[in-house]
Amino acid sequence: MTAFAPLSASSLPPLSALAQAAAAELSSLLPGRVSTADEDRLSYSRDMWSKAILWIRQGKIPPPPDVVVWPDNEDEVQKVVQLARAHKLPIVPFGAGSGVCGGVCAVRGGISLDLKRLERVGAVDGERFTVDADAGVVGEVLERKLNAQGYTLGHFPSSIYMSTLGGWLAARSAGQLSTRYGKIEDMVCSLRAVTGRGEVVQTPERPAPGPDLAELLMGSEGTLCVFTRARLRVHPAPEHKAFRAFRYRSVEAGVEAIRRVMRDGLRPAVVRLYDPFDTALAARKKPHEGGKGTKAPSDRGLVQGELVPFLTRLVAPRVFGNPKLINRAADLFRSCILILMFEGETRRALQEEGQARELCAAAGGADLGEAPAQAWYRTRYDVSYRMSPVVDDGMLADTFEVAASWDRVLDVYERVREAVAPLAFAMCHFSHAYVEGCSLYFSFALAGAGERALETRYDELWKAALAAALASGATVSHHHGIGLLKARALAEQLGDARRMVQGLKRALDPDGIMNPGKLLP
Amino acid sequence: MSEGLHEQLRDSLGPRYEQKDGAAWCAPRSERELLLVLKLLRDHGAKLGRPGASGSPPVVISRRALQLLGPWEAQSGTVVAEAGATLEEIDRAAAAHQLTIGPISPRALLLELGHFLEGPYGGLRPVPCGRLEPLSMALTAVMPDGLYAASRAAPRHAAGPSLDAFFLGAGGRLGLLLRAQIRLVPRATATRLNTFSFPSPATFVAAVRRGLLGGSCVERLRVETRKGRVLVEARFGGSQSAVDRDLAVLGTQILNQGGRLSEDHLQRPEPPADRSPPPEREVRWEAVAKALEAGGSAALYRLSVDGAVAEGQVEGRDLSAESPWSHPALEAIAAALDPSASLGGPP
């Protein structure tokens with residue numbers, strides 16, 4: 001899938017003369033905030049892409065940058081880009097490294113530009129309902145600062161503790177409450193960025209005459225510009241949250257219930273329908289109801305800390321090594337859980353929840369009350385941390401999120417599952433609902449006979465999943481972005497229209513220094 | 001325009017080619033003919049013009065003959081419409097499927113789909129929580145090089161920069177729209193008109209902004225000043241339960257801002273149905289408040305937290321004419337995509 005090979009741990013490439021010269025110049029620009037140290041280059045060589053994690057496990061190094069820099073403000077970002085352009089040295093913008101598509105791998109070396117020191121958050125404009133925030137601010141910090149003023153952004157990705165505003169803009173992020181508040185591109189009033197030309201761009205307040213420049217920059221994953229600041233729409237903090245859950249006898253019935261809720265004009269903040277096996281696993285997670293979280297490894301006893309992982313390591317790869325079997329077993333499960341949450345003004349939230357209850361019951365749902373939805377809400381950020389045990393057990397896990405219109409959603413679901421069935425165990429939930437369709441979020445677990453075989457299977461899995469998604473009419477990503485992982489698939493999705501994106505690149509990054517190798521191959 | 005191009009266009013289009021009002025008008029009856037016209041323009045190094053442009057007689061393309069509708073997609077509530085169909089025609093046809101394009105301003109309703117999406121309106125429609133989004137879910141356009149660009153029919157994506165953004169609001173200067181899959185909503189089964197009065201323009205604006213953010217969908221507001229107060233008539237549409245919810249949310253904000261229900265009737269007349277609707281502007285709420293302070297009145301459509309489309313005495317961007325683009329970077333993008341400016345270049 002990727003055209004480059006990772007390095008072995010002993011072969012971190014030495015700095016070229018060009019990189020050394022650039023590092024010296026950068027040091028005078030940003031004294032004390034430039035590093036060519038191996039540990040920094042290693043740290044910035046990857047994000048949370050599963051394949052990069054696999055490489056690390058194999059003792060290989062994803063392509064590292066030559067230099068890491070930490071600018072303090074937009075002016076310094078601009079100077080770094082101008083310097084890079086003068087040296088024709090690649091620039092890789094870096095937020096908090098929570099991407100899952102290899103978007104920060106420095107495939108041609110160059111400068112890794114960490115934006116986290118750009119972290120100012122202004123006061124909320126309570127008349128226009130906007131806030132100005134720097135691109136490097138971490139999501140949870142931004143939300144906390146807004147909450148302190150009585151507002152919310154309404155953007156809650158699972159990665160909120162380890163992702164930045166700039167990363168959200170770069171990858172067109174979506175939060176768990178996107179059905180009400182929209183994706184990040186729906187929240188942007190205007191933004192500022194430094195293009196690959198080294199010029200600062202301030203997009204006009206939307207809507208504005210001509211093409212929407214913000215829409216042309218967002219989702220560019222560092223290949224056109226470095227985001228520095230954005231003006232965002234905020235909302236008064238919600239007065240009330242109303243929860244509800246339903247059980248359906250099939251995926252089809254659950255999807256139809258969501259469709260009816262959305263077509264009726266309701267706007268739940270959260271919509272999540274778990275497919276049968278995902279439902280079965282979710283139901284197994286008792287700690288939610290008991291209020292206990294997952295124990296840290298250091299807190300586990302001998303049985304939980306040593307014996308269980310040992311047995312898991314022994315058994316799991318054999319089970320997941322034959323995914324057809326386990327996928328077929330998963331087909332025995334039928335029922336699905338739908339979780340809804342409404343928030344906002346109390347009366348409105350309760351009215352909408354009541355109307356949704358009627359619609360969901362009419363669609364064949366059994367009312368499970370509030371508890372399952374509240375349980376999900378309490379542990380909504382746990383998922384990001386729950387993947388690591390699978391990886392520790394010698395397997396690999398990954399997620400794939402696509403979007404499609406209602407008429408295609410079930411076809412996408414069936415075709416992707418069918419395509420990946422010989423390669424990985426797959427389950428799915430349906431979320432981020434719109435009036436016209438929704439996102440499908442697949443979770444994969446796979447094993448292989450050895451690391452090399454696992455990597456091969458991983459590549460085959462993604463090839464099959466992307467081909468099936470494209471063939472059934474879905475877009476290749478709803479909110480994780482493209483990076484290295486899906487670049488070929490995006491080219492296929494765009495067809496001849498990739499010329500438009502290439503034209504955009506020529507206009508804003510004529511020297512091709514901005515995050516090379518990403519988005520399009 | 002060269003004599004050779006003139007002859008080739010005449011030979012290719014026959015009666016669908018004519019010279020009038022200082023322009024060469026091409027009215028292709030199919031996508032194929034439209035692509036042929038664009039190819040001839042490129043072959044002759046000619047540029048696509050706009051009606052009323054100065055200089056040598058421009059070549060103008062009318063897509064009015066491209067007005068096929070379908071397929072209708074009942075589950076997603078969408079239809080594929082060719083660029084020449086007017087929104088009014090689409091809405092009329094949608095009624096048979098119990099669907100509608102939703103609340104839209106009277107002037108926009110008369111536009112061809114292509115002009116609505118590419119033109120000053122930018123193809124935007126209001127959605128709950130005070131946001132705007134394109135009426136189209138997916139577009140098919142012809143690029144300056146004559147090849148097709150088609151976006152995926154998905155409600156949102158994270159697949160790079162928005163492909164649709166090259167065409168929406170771009171005046172056909174980065175590519176010419178051929179057809180779009182447009183989003184439709186269930187036709188309203190209930191409507192409701194309520195009149196409110198506010199102590200000041202600022203309290204009116206604050207209530208509307210908060211109401212929209214809270215999820216209230218308002219089809220239209222008519223507003224005027226009377227005896228030092230602001231009188232507002234709000235029109236809601238949707239299912240009965242949706243209308244009740246929308247009124248409740250807005251009503252709460254109105255009360256919070258010191259407003260109240262009113263028995264008065266607005267003096268501002270409804271636009272006459274038998275005449276062309278008056279010009280419309282894209283306005284910010286600050287401009288609406290200023291106009292009301294000065295004793296003005298307006299009808300407001302396409303409401304968002306940022307502003308509205310207005311008819312009346314409010315300052316804003318004229319939506320009947322193309323404006324210069326908002327940023328120099330867009331000109332650089334146009335130059336990269338269409339170096340010979342065959343589609344006319346930026347306005």
# chains A, B, ... in the order shown; residues from 1 in each chain; ligands from 1
>>> interface_residues(of="chain A", to="chain B", cutoff="6 Å", atoms="only C-alpha atoms", output="JSON, numbers by chain")
{"A": [172, 209, 210, 211, 212, 215, 216, 217, 218, 219, 220, 403, 404, 405, 406, 407, 436, 477, 478, 479, 481, 497, 503, 504, 507]}
>>> residues_around(residues="Val59 of chain B", least_positions_apart="6", cutoff="6 Å", atoms="only C-alpha atoms", output="ChimeraX atom specification")
/B:23-24,48-49
>>> atom_distance(atom1="atom CA of Arg16 of chain B", atom2="atom CA of Phe116 of chain B")
23.2 Å
>>> select_by_dssp(residues="segment 203-420 of chain A", states="helix (DSSP H, G or I)", output="ChimeraX atom specification")
/A:213-217,251-263,276-284,287-290,297-299,302-320,323-330,346-362,371-378,383-386,388-392,406-420
>>> atom_distance(atom1="atom CA of Gly196 of chain A", atom2="atom CA of Arg506 of chain A")
9.6 Å
>>> select_by_dssp(residues="segment 440-506 of chain A", states="strand (DSSP E)", output="PDB file with C-alpha atoms, in the first residue's frame")
ATOM      1  CA  LEU A 440     -20.361   3.557   8.882  1.00  0.00           C
ATOM      2  CA  TYR A 441     -17.536   2.878  11.303  1.00  0.00           C
ATOM      3  CA  PHE A 442     -15.914  -0.529  10.906  1.00  0.00           C
ATOM      4  CA  SER A 443     -13.562  -2.010  13.485  1.00  0.00           C
ATOM      5  CA  PHE A 444     -11.158  -4.694  12.321  1.00  0.00           C
ATOM      6  CA  ALA A 445      -9.055  -7.169  14.289  1.00  0.00           C
ATOM      7  CA  LEU A 446      -6.571  -9.323  12.427  1.00  0.00           C
TER       8      LEU A 446
END
>>> closest_residue(among="B:Ser304, B:Thr191, B:Val230, B:Ser340", to="Arg233 of chain A", atoms="only C-alpha atoms")
B:Ser304
>>> atom_distance(atom1="atom CA of Gly123 of chain B", atom2="atom CA of Ala108 of chain B")
9.4 Å
>>> closest_residue(among="B:Asn194, B:Thr225, B:Ser320, B:Ser136", to="Glu293 of chain B", atoms="only C-alpha atoms")
B:Thr225
>>> residues_around(residues="Thr100 of chain B", least_positions_apart="3", cutoff="12 Å", atoms="only C-alpha atoms", output="ChimeraX atom specification")
/B:77-79,87-97,103-104,109,135,182-189,237-238
>>> closest_residue(among="A:Arg128, A:Arg117, A:Lys88, A:Lys241", to="Arg348 of chain A", atoms="only C-alpha atoms")
A:Lys241
>>> closest_residue(among="B:Ile61, B:Val232, B:Leu343, B:Ala321", to="Leu300 of chain B", atoms="only C-alpha atoms")
B:Val232
>>> closest_residue(among="A:Ala86, A:Ala469, A:Leu494, A:Met427", to="Gly198 of chain A", atoms="only C-alpha atoms")
A:Ala86
>>> residues_around(residues="Trp168 of chain A", least_positions_apart="5", cutoff="12 Å", atoms="only C-alpha atoms", output="PyMOL selection string")
(chain A and resi 94-99+135-139+155-160+162-163+173-175+183-188+218-222+227+229-230+479-481) or (chain B and resi 158)
>>> residues_around(residues="Leu113 of chain A", least_positions_apart="2", cutoff="12 Å", atoms="only C-alpha atoms", output="number ranges by chain")
A: 26, 30, 33-35, 40-41, 44-45, 65-74, 76-81, 84, 90-97, 104, 106, 109-111, 115-118, 136, 166, 222, 225-228, 514-515
>>> write_last_selection(atoms="N, CA and C atoms", output="compact mmCIF listing (two decimals), in the first residue's frame")
# COMPACT_ATOMS: atom_id res chain seq x y z
N LEU A 26 17.28 27.54 11.24
CA LEU A 26 16.08 27.48 12.07
C LEU A 26 16.42 27.80 13.53
N LEU A 30 14.36 30.29 15.78
CA LEU A 30 13.59 29.80 16.94
C LEU A 30 14.57 29.26 17.98
N ARG A 33 14.19 26.03 20.26
CA ARG A 33 12.96 25.33 19.87
C ARG A 33 13.13 24.58 18.55
N VAL A 34 14.35 24.07 18.38
CA VAL A 34 14.69 23.28 17.20
C VAL A 34 15.43 22.04 17.67
N SER A 35 15.10 20.90 17.12
CA SER A 35 15.80 19.69 17.54
C SER A 35 16.10 18.79 16.35
N ASP A 40 13.70 12.87 19.23
CA ASP A 40 12.63 13.72 18.70
C ASP A 40 12.26 13.29 17.28
N ARG A 41 13.26 12.99 16.50
CA ARG A 41 12.97 12.55 15.11
C ARG A 41 12.14 11.26 15.13
N TYR A 44 8.47 11.97 16.20
CA TYR A 44 7.65 12.66 15.20
C TYR A 44 7.57 11.89 13.88
N SER A 45 8.02 10.65 13.88
CA SER A 45 8.01 9.89 12.62
C SER A 45 6.67 9.22 12.36
N PRO A 65 11.36 12.83 10.30
CA PRO A 65 11.80 14.13 9.80
C PRO A 65 13.27 14.34 10.11
N ASP A 66 13.86 15.34 9.47
CA ASP A 66 15.25 15.68 9.80
C ASP A 66 15.31 16.59 11.02
N VAL A 67 14.33 17.47 11.09
CA VAL A 67 14.33 18.49 12.13
C VAL A 67 12.93 18.61 12.71
N VAL A 68 12.87 18.88 14.00
CA VAL A 68 11.57 19.18 14.62
C VAL A 68 11.65 20.61 15.15
N VAL A 69 10.60 21.39 14.87
CA VAL A 69 10.60 22.78 15.36
C VAL A 69 9.28 23.06 16.09
N TRP A 70 9.38 24.02 17.05
CA TRP A 70 8.20 24.39 17.86
C TRP A 70 8.00 25.90 17.78
N PRO A 71 7.36 26.39 16.74
CA PRO A 71 7.12 27.84 16.65
C PRO A 71 6.12 28.28 17.72
N ASP A 72 6.19 29.58 18.05
CA ASP A 72 5.33 30.15 19.08
C ASP A 72 4.10 30.84 18.52
N ASN A 73 4.21 31.28 17.28
CA ASN A 73 3.13 32.10 16.73
C ASN A 73 3.11 32.00 15.20
N GLU A 74 2.12 32.62 14.62
CA GLU A 74 1.94 32.54 13.16
C GLU A 74 3.13 33.13 12.41
N GLU A 76 6.21 33.12 13.25
CA GLU A 76 7.30 32.14 13.21
C GLU A 76 6.97 30.98 12.27
N VAL A 77 5.71 30.58 12.23
CA VAL A 77 5.31 29.53 11.28
C VAL A 77 5.62 29.99 9.86
N GLN A 78 5.27 31.23 9.58
CA GLN A 78 5.50 31.75 8.23
C GLN A 78 6.99 31.76 7.90
N LYS A 79 7.80 32.16 8.87
CA LYS A 79 9.26 32.20 8.61
C LYS A 79 9.80 30.80 8.36
N VAL A 80 9.30 29.84 9.11
CA VAL A 80 9.77 28.45 8.91
C VAL A 80 9.39 27.97 7.51
N VAL A 81 8.17 28.25 7.10
CA VAL A 81 7.73 27.80 5.77
C VAL A 81 8.56 28.50 4.69
N ALA A 84 11.89 26.88 4.59
CA ALA A 84 11.78 25.55 3.97
C ALA A 84 11.65 25.69 2.45
N PRO A 90 10.94 19.64 2.68
CA PRO A 90 9.54 19.36 3.03
C PRO A 90 9.17 19.86 4.42
N ILE A 91 7.90 20.20 4.56
CA ILE A 91 7.32 20.61 5.85
C ILE A 91 6.20 19.63 6.18
N VAL A 92 6.21 19.09 7.39
CA VAL A 92 5.13 18.21 7.83
C VAL A 92 4.48 18.83 9.08
N PRO A 93 3.30 19.47 8.92
CA PRO A 93 2.63 20.03 10.10
C PRO A 93 2.25 18.91 11.07
N PHE A 94 2.38 19.18 12.37
CA PHE A 94 2.14 18.16 13.39
C PHE A 94 1.30 18.76 14.51
N GLY A 95 0.16 18.13 14.79
CA GLY A 95 -0.69 18.60 15.89
C GLY A 95 -0.37 17.82 17.15
N ALA A 96 -1.19 16.79 17.44
CA ALA A 96 -0.92 15.97 18.62
C ALA A 96 -0.64 14.52 18.22
N GLY A 97 -0.60 14.25 16.92
CA GLY A 97 -0.19 12.92 16.47
C GLY A 97 -1.23 11.84 16.67
N VAL A 104 1.41 12.04 9.18
CA VAL A 104 2.58 12.82 9.59
C VAL A 104 3.91 12.10 9.30
N ALA A 106 7.15 11.41 7.67
CA ALA A 106 7.95 12.32 6.84
C ALA A 106 8.61 11.53 5.72
N GLY A 109 11.59 13.17 4.55
CA GLY A 109 12.32 13.89 5.60
C GLY A 109 11.79 15.30 5.75
N GLY A 110 12.70 16.23 6.05
CA GLY A 110 12.30 17.63 6.16
C GLY A 110 12.00 18.05 7.58
N ILE A 111 11.11 19.05 7.69
CA ILE A 111 10.86 19.71 8.97
C ILE A 111 9.50 19.28 9.51
N LEU A 115 2.73 22.40 16.18
CA LEU A 115 1.96 23.63 16.36
C LEU A 115 1.47 23.84 17.79
N LYS A 116 1.82 22.93 18.71
CA LYS A 116 1.13 22.96 20.01
C LYS A 116 1.43 24.20 20.86
N ARG A 117 2.46 24.94 20.49
CA ARG A 117 2.72 26.18 21.26
C ARG A 117 1.79 27.31 20.81
N LEU A 118 1.11 27.13 19.71
CA LEU A 118 0.09 28.10 19.30
C LEU A 118 -1.21 27.67 19.98
N GLY A 136 -3.01 25.14 17.53
CA GLY A 136 -2.33 24.12 18.32
C GLY A 136 -3.04 23.74 19.60
N GLY A 166 -5.96 22.39 14.86
CA GLY A 166 -5.34 22.35 13.52
C GLY A 166 -5.47 20.98 12.89
N GLY A 222 -2.26 19.20 5.51
CA GLY A 222 -0.91 19.76 5.48
C GLY A 222 -0.28 19.82 4.11
N CYS A 225 -1.19 23.91 3.20
CA CYS A 225 -0.98 25.01 4.15
C CYS A 225 -0.83 24.47 5.56
N VAL A 226 -0.41 25.38 6.44
CA VAL A 226 -0.38 25.09 7.87
C VAL A 226 -1.45 25.97 8.50
N PHE A 227 -2.43 25.37 9.14
CA PHE A 227 -3.46 26.18 9.81
C PHE A 227 -2.86 26.81 11.07
N THR A 228 -3.20 28.07 11.28
CA THR A 228 -2.66 28.76 12.46
C THR A 228 -3.75 29.21 13.43
N MET A 514 4.90 20.93 0.85
CA MET A 514 3.95 20.70 1.95
C MET A 514 3.55 19.22 2.03
N ASN A 515 3.97 18.60 3.10
CA ASN A 515 3.61 17.22 3.46
C ASN A 515 3.55 16.28 2.24
>>> residues_around(residues="segment 268-273 of chain B", least_positions_apart="4", cutoff="9 Å", atoms="only C-alpha atoms", output="list in words")
Pro106, Arg222, Val223, Glu224, Pro277, Pro278, Ser297, Ala298 and Ala299 of chain B
>>> write_last_selection(atoms="C-alpha atoms", output="tab-separated table (two decimals), in the first residue's frame")
chain	number	residue	atom	x	y	z
B	106	PRO	CA	-38.60	34.09	-3.75
B	222	ARG	CA	-40.87	39.86	8.14
B	223	VAL	CA	-39.73	42.72	10.30
B	224	GLU	CA	-40.39	46.45	10.71
B	277	PRO	CA	-39.77	39.28	-6.83
B	278	PRO	CA	-37.70	42.25	-5.67
B	297	SER	CA	-38.25	47.02	7.15
B	298	ALA	CA	-37.35	43.73	5.47
B	299	ALA	CA	-38.31	40.18	4.68
>>> residues_around(residues="segment 266-281 of chain A", least_positions_apart="6", cutoff="7 Å", atoms="only C-alpha atoms", output="ChimeraX atom specification")
/A:176-180,251,254,330,333-343,352,427-433
